[in-house]
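Student: Here you go, this is work_7.cif (mmCIF, C-alpha atoms).
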data_structure
#
loop_
_atom_site.label_atom_id
_atom_site.label_comp_id
_atom_site.auth_asym_id
_atom_site.auth_seq_id
_atom_site.Cartn_x
_atom_site.Cartn_y
_atom_site.Cartn_z
CA MET A 1 114.61 48.88 107.09
CA LYS A 2 113.81 50.66 103.82
CA LYS A 3 110.10 50.70 104.76
CA LEU A 4 110.96 52.24 108.13
CA PHE A 5 112.89 55.09 106.45
CA THR A 6 110.02 55.63 104.02
CA MET A 7 107.51 55.80 106.89
CA LEU A 8 109.70 58.24 108.81
CA ALA A 9 110.09 60.41 105.71
CA LEU A 10 106.31 60.51 105.27
CA ILE A 11 105.75 61.34 108.94
CA ILE A 12 108.18 64.25 108.67
CA ALA A 13 107.02 65.45 105.23
CA ALA A 14 103.26 65.43 105.90
CA PRO A 15 103.22 68.34 108.37
CA LEU A 16 105.54 70.34 106.10
CA ALA A 17 103.19 69.81 103.16
CA LEU A 18 100.23 70.96 105.28
CA GLN A 19 102.14 74.09 106.31
CA GLY A 20 102.68 74.85 102.63
CA ASN A 21 98.93 74.60 101.99
CA VAL A 22 98.17 76.88 104.94
CA ALA A 23 100.71 79.43 103.70
CA MET A 24 99.13 79.29 100.24
CA ALA A 25 95.66 79.84 101.74
CA GLU A 26 96.95 82.84 103.72
CA THR A 27 98.44 84.27 100.54
CA GLU A 28 95.06 83.95 98.85
CA LYS A 29 93.48 86.05 101.61
CA THR A 30 95.87 88.91 101.05
CA LYS A 31 94.37 89.84 97.68
CA GLN A 32 93.34 93.48 97.78
CA ALA A 33 91.45 95.62 95.28
CA LEU A 34 90.69 99.32 95.36
CA TYR A 35 87.83 100.73 93.30
CA HIS A 36 88.26 104.45 92.57
CA VAL A 37 85.01 106.44 92.23
CA ASN A 38 85.48 110.13 91.44
CA HIS A 39 82.85 110.95 88.80
CA ALA A 40 79.34 112.23 89.54
CA ASP A 41 77.76 110.39 86.59
CA MET A 42 75.22 107.99 88.09
CA ASN A 43 75.65 105.48 85.25
CA THR A 44 79.36 105.28 86.10
CA ILE A 45 78.64 105.00 89.82
CA LYS A 46 76.09 102.22 89.30
CA ALA A 47 78.49 100.44 86.93
CA ALA A 48 81.19 100.61 89.63
CA LEU A 49 78.83 99.02 92.16
CA ARG A 50 77.94 96.28 89.63
CA ASN A 51 81.67 95.69 89.02
CA ILE A 52 82.23 95.37 92.76
CA THR A 53 79.29 92.97 93.10
CA ASN A 54 80.67 90.88 90.21
CA HIS A 55 84.08 90.86 91.91
CA ILE A 56 82.53 89.71 95.20
CA ASN A 57 80.72 86.91 93.36
CA SER A 58 83.80 85.80 91.39
CA PRO A 59 85.92 82.82 92.43
CA SER A 60 88.53 85.18 93.94
CA GLY A 61 85.93 87.42 95.58
CA PRO A 62 85.77 85.76 98.99
CA ALA A 63 89.57 85.92 99.25
CA THR A 64 89.79 89.59 98.26
CA ARG A 65 89.66 92.61 100.53
CA ILE A 66 87.84 95.35 98.64
CA GLU A 67 87.73 99.08 99.31
CA VAL A 68 86.05 101.90 97.43
CA ALA A 69 87.73 105.31 97.49
CA VAL A 70 85.17 108.08 96.96
CA HIS A 71 86.17 111.69 96.31
CA GLY A 72 85.31 114.62 94.08
CA GLY A 73 82.20 114.03 92.01
CA GLY A 74 82.07 110.42 93.20
CA ILE A 75 80.58 111.66 96.47
CA ALA A 76 77.28 111.63 94.54
CA MET A 77 77.22 107.88 95.21
CA LEU A 78 76.55 108.59 98.88
CA THR A 79 74.55 111.83 98.60
CA GLU A 80 72.16 110.48 95.95
CA ALA A 81 71.72 107.21 97.87
CA ARG A 82 69.89 109.08 100.63
CA GLU A 83 66.90 109.31 98.26
CA ASP A 84 67.47 106.33 95.94
CA PRO A 85 66.40 102.92 97.32
CA GLN A 86 68.08 101.01 94.46
CA LEU A 87 71.38 102.76 95.11
CA GLN A 88 70.95 102.10 98.84
CA ALA A 89 70.42 98.40 98.14
CA ALA A 90 73.54 98.20 95.96
CA ILE A 91 75.64 99.94 98.64
CA ASP A 92 74.14 97.78 101.40
CA ASN A 93 74.92 94.64 99.38
CA VAL A 94 78.60 95.41 98.88
CA LYS A 95 79.01 96.51 102.49
CA ALA A 96 77.32 93.31 103.70
CA ASN A 97 80.08 91.48 101.85
CA GLY A 98 82.84 93.29 103.71
CA VAL A 99 83.53 96.12 101.27
CA GLU A 100 84.67 99.34 102.94
CA ILE A 101 83.79 102.70 101.43
CA LYS A 102 86.41 105.36 102.22
CA VAL A 103 85.34 109.00 101.83
CA CYS A 104 87.59 112.02 101.26
CA ALA A 105 87.51 114.65 104.03
CA ASN A 106 88.71 117.30 101.55
CA THR A 107 85.68 116.63 99.34
CA LEU A 108 83.33 116.88 102.31
CA ARG A 109 84.84 120.22 103.36
CA GLY A 110 84.94 121.56 99.82
CA LYS A 111 81.30 120.70 99.18
CA GLY A 112 80.12 121.66 102.66
CA LEU A 113 78.76 118.17 103.36
CA ASP A 114 78.10 116.64 106.78
CA VAL A 115 78.77 112.92 107.24
CA LYS A 116 75.63 112.22 109.26
CA GLU A 117 73.26 114.63 107.51
CA ASP A 118 74.24 114.37 103.85
CA LEU A 119 75.77 110.91 103.22
CA TYR A 120 74.07 107.53 103.13
CA ASP A 121 75.28 105.03 105.75
CA THR A 122 78.63 106.70 106.37
CA GLN A 123 80.48 106.86 109.69
CA GLU A 124 83.32 109.07 110.86
CA SER A 125 85.57 105.99 110.70
CA ASP A 126 84.96 105.85 106.91
CA ILE A 127 86.57 109.26 106.38
CA VAL A 128 90.14 109.51 105.11
CA PRO A 129 92.04 112.82 105.07
CA SER A 130 92.51 112.81 101.28
CA GLY A 131 90.80 110.48 98.83
CA VAL A 132 93.45 110.85 96.16
CA ALA A 133 96.24 110.25 98.69
CA HIS A 134 94.37 107.15 99.92
CA VAL A 135 94.29 105.86 96.34
CA ALA A 136 98.01 106.51 95.92
CA ASP A 137 98.84 104.91 99.27
CA ARG A 138 96.89 101.76 98.41
CA GLN A 139 98.61 101.53 95.04
CA MET A 140 102.03 101.82 96.70
CA GLU A 141 100.96 99.05 99.11
CA GLY A 142 100.34 96.80 96.10
CA TRP A 143 96.54 96.94 95.90
CA ALA A 144 94.98 96.26 92.51
CA TYR A 145 93.63 99.56 91.15
CA ILE A 146 90.29 99.61 89.34
CA HIS A 147 88.74 102.78 87.93
CA PRO A 148 85.35 101.94 86.41
#
Please rewrite the model in this file as structure tokens.
Tutor:
Amino acid sequence: MKKLFTMLALIIAAPLALQGNVAMAETEKTKQALYHVNHADMNTIKAALRNITNHINSPSGPATRIEVAVHGGGIAMLTEAREDPQLQAAIDNVKANGVEIKVCANTLRGKGLDVKEDLYDTQESDIVPSGVAHVADRQMEGWAYIHP
């Protein structure tokens, strides 16, 4: 009789244990990191892209949703990339790994830039109304904030 109760307990407990593992896996996939790029210095921009690549390649990388918020001087990342194959390759690499680059509409207006004409590989869907507000919103949503 004791063996029967033990077997029943295992039959009931096994699915519950599996549900716990699934819940833990789902929690892992909710990691979120926001990289803030707002300086025109190309060394800083390239360092940010290296940081992002290192994050992607880290043990937590595949479980982390990564965005880059670009505004102000940081727009140079996308304007300079139009003529810089190495910068293009770095941007292509992070995007191929699911990284989204969000671009400030205020910066585009202020600098008189056109998404299709002046920015490398940027779509209208990548534009956010305000880059700095996007950064603040993500922080309030609990995203990890990284400013290389």
Student: Hey, which of A:His134, A:Lys111, A:Lys31, A:His147 ends up closest to A:Gly61? Count only C-alpha atoms.
Tutor: A:Lys31
Student: Set the distance at 8 Å and use only C-alpha atoms: which residues neighbour A:Met77 once local chain neighbours fewer than 5 positions away are removed? I'd like the list as a list in words.
Tutor: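 Listing them by chain and then by number gives Ala40, Met42, Ile45 and Leu87 of chain A.
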Student: So, with all atoms listed in the file as the atoms that count, which of A:Arg109, A:Arg50, A:His55, A:His71 lies closest to A:Val135?
Tutor: A:His71
Student: For the provided coordinates, the residues matched by the PyMOL selection byres ((chain A and resi 99-108) around 6) should be stated as a PyMOL selection string.
Tutor: chain A and resi 66-72+94-95+97-98+109-113+126-131
Student: Excluding A:Asp121 and any residue of its chain fewer than 5 positions from it, enumerate the residues within 9 Å of it, using all atoms listed in the file, and give them as a list of chain:residue names.
Tutor: A:Leu78, A:Ala81, A:Arg82, A:Gln88, A:Ile91, A:Asp92, A:Val115, A:Lys116
Student: Interatomic distance between atom CA of A:Asp118 and atom CA of A:Thr79?
Tutor: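 Between these atoms lies a distance of 5.8 Å.
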Student: I need every residue sitting at most 7 Å from the point (81.2, 114.8, 89.5) (coordinates as in the file, all atoms listed in the file considered), written as a CSV table (one decimal) with C-alpha atoms, in the frame of the given file.
Tutor:
chain,number,residue,atom,x,y,z
A,38,ASN,CA,85.5,110.1,91.4
A,39,HIS,CA,82.8,111.0,88.8
A,40,ALA,CA,79.3,112.2,89.5
A,41,ASP,CA,77.8,110.4,86.6
A,72,GLY,CA,85.3,114.6,94.1
A,73,GLY,CA,82.2,114.0,92.0
A,74,GLY,CA,82.1,110.4,93.2
Student: Between A:Thr64, A:Thr44, A:Thr122, A:Asn51, which residue has the minimum interatomic distance to A:Ala144, considering all atoms listed in the file?
Tutor: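 Between A:Thr64, A:Thr44, A:Thr122, A:Asn51, the residue approaching A:Ala144 most closely is A:Thr64.
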Student: What gap, in Å, lies between atom CA of A:Glu117 and atom CA of A:Ile56?
Tutor: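 Rounded to one decimal, the two atoms are 29.3 Å apart.
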Student: In terms of the shortest atom-to-atom distance over only C-alpha atoms, which of A:Asn93, A:Val37, A:Pro62, A:Asp114 is closest to A:Val132?
Tutor: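 For A:Val132, the nearest of the candidates is A:Val37.
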Student: Just how far from atom CA of A:Ala76 is atom CA of A:Asn57, in Å to one decimal?
Tutor: 25.0 Å
Student: Which of these, A:Ala90, A:Ala133, A:Ala48, A:Ile146, has the shortest distance to A:Gln32 once you count only C-alpha atoms?
Tutor: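 That would be A:Ile146, the residue with the smallest distance to A:Gln32.
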Student: Please determine, counting all atoms listed in the file, which residue among A:Arg65, A:Lys46, A:Arg138, A:His36 has the shortest atom-to-atom distance to A:Asp84.
Tutor: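 The closest residue to A:Asp84 is A:Lys46.
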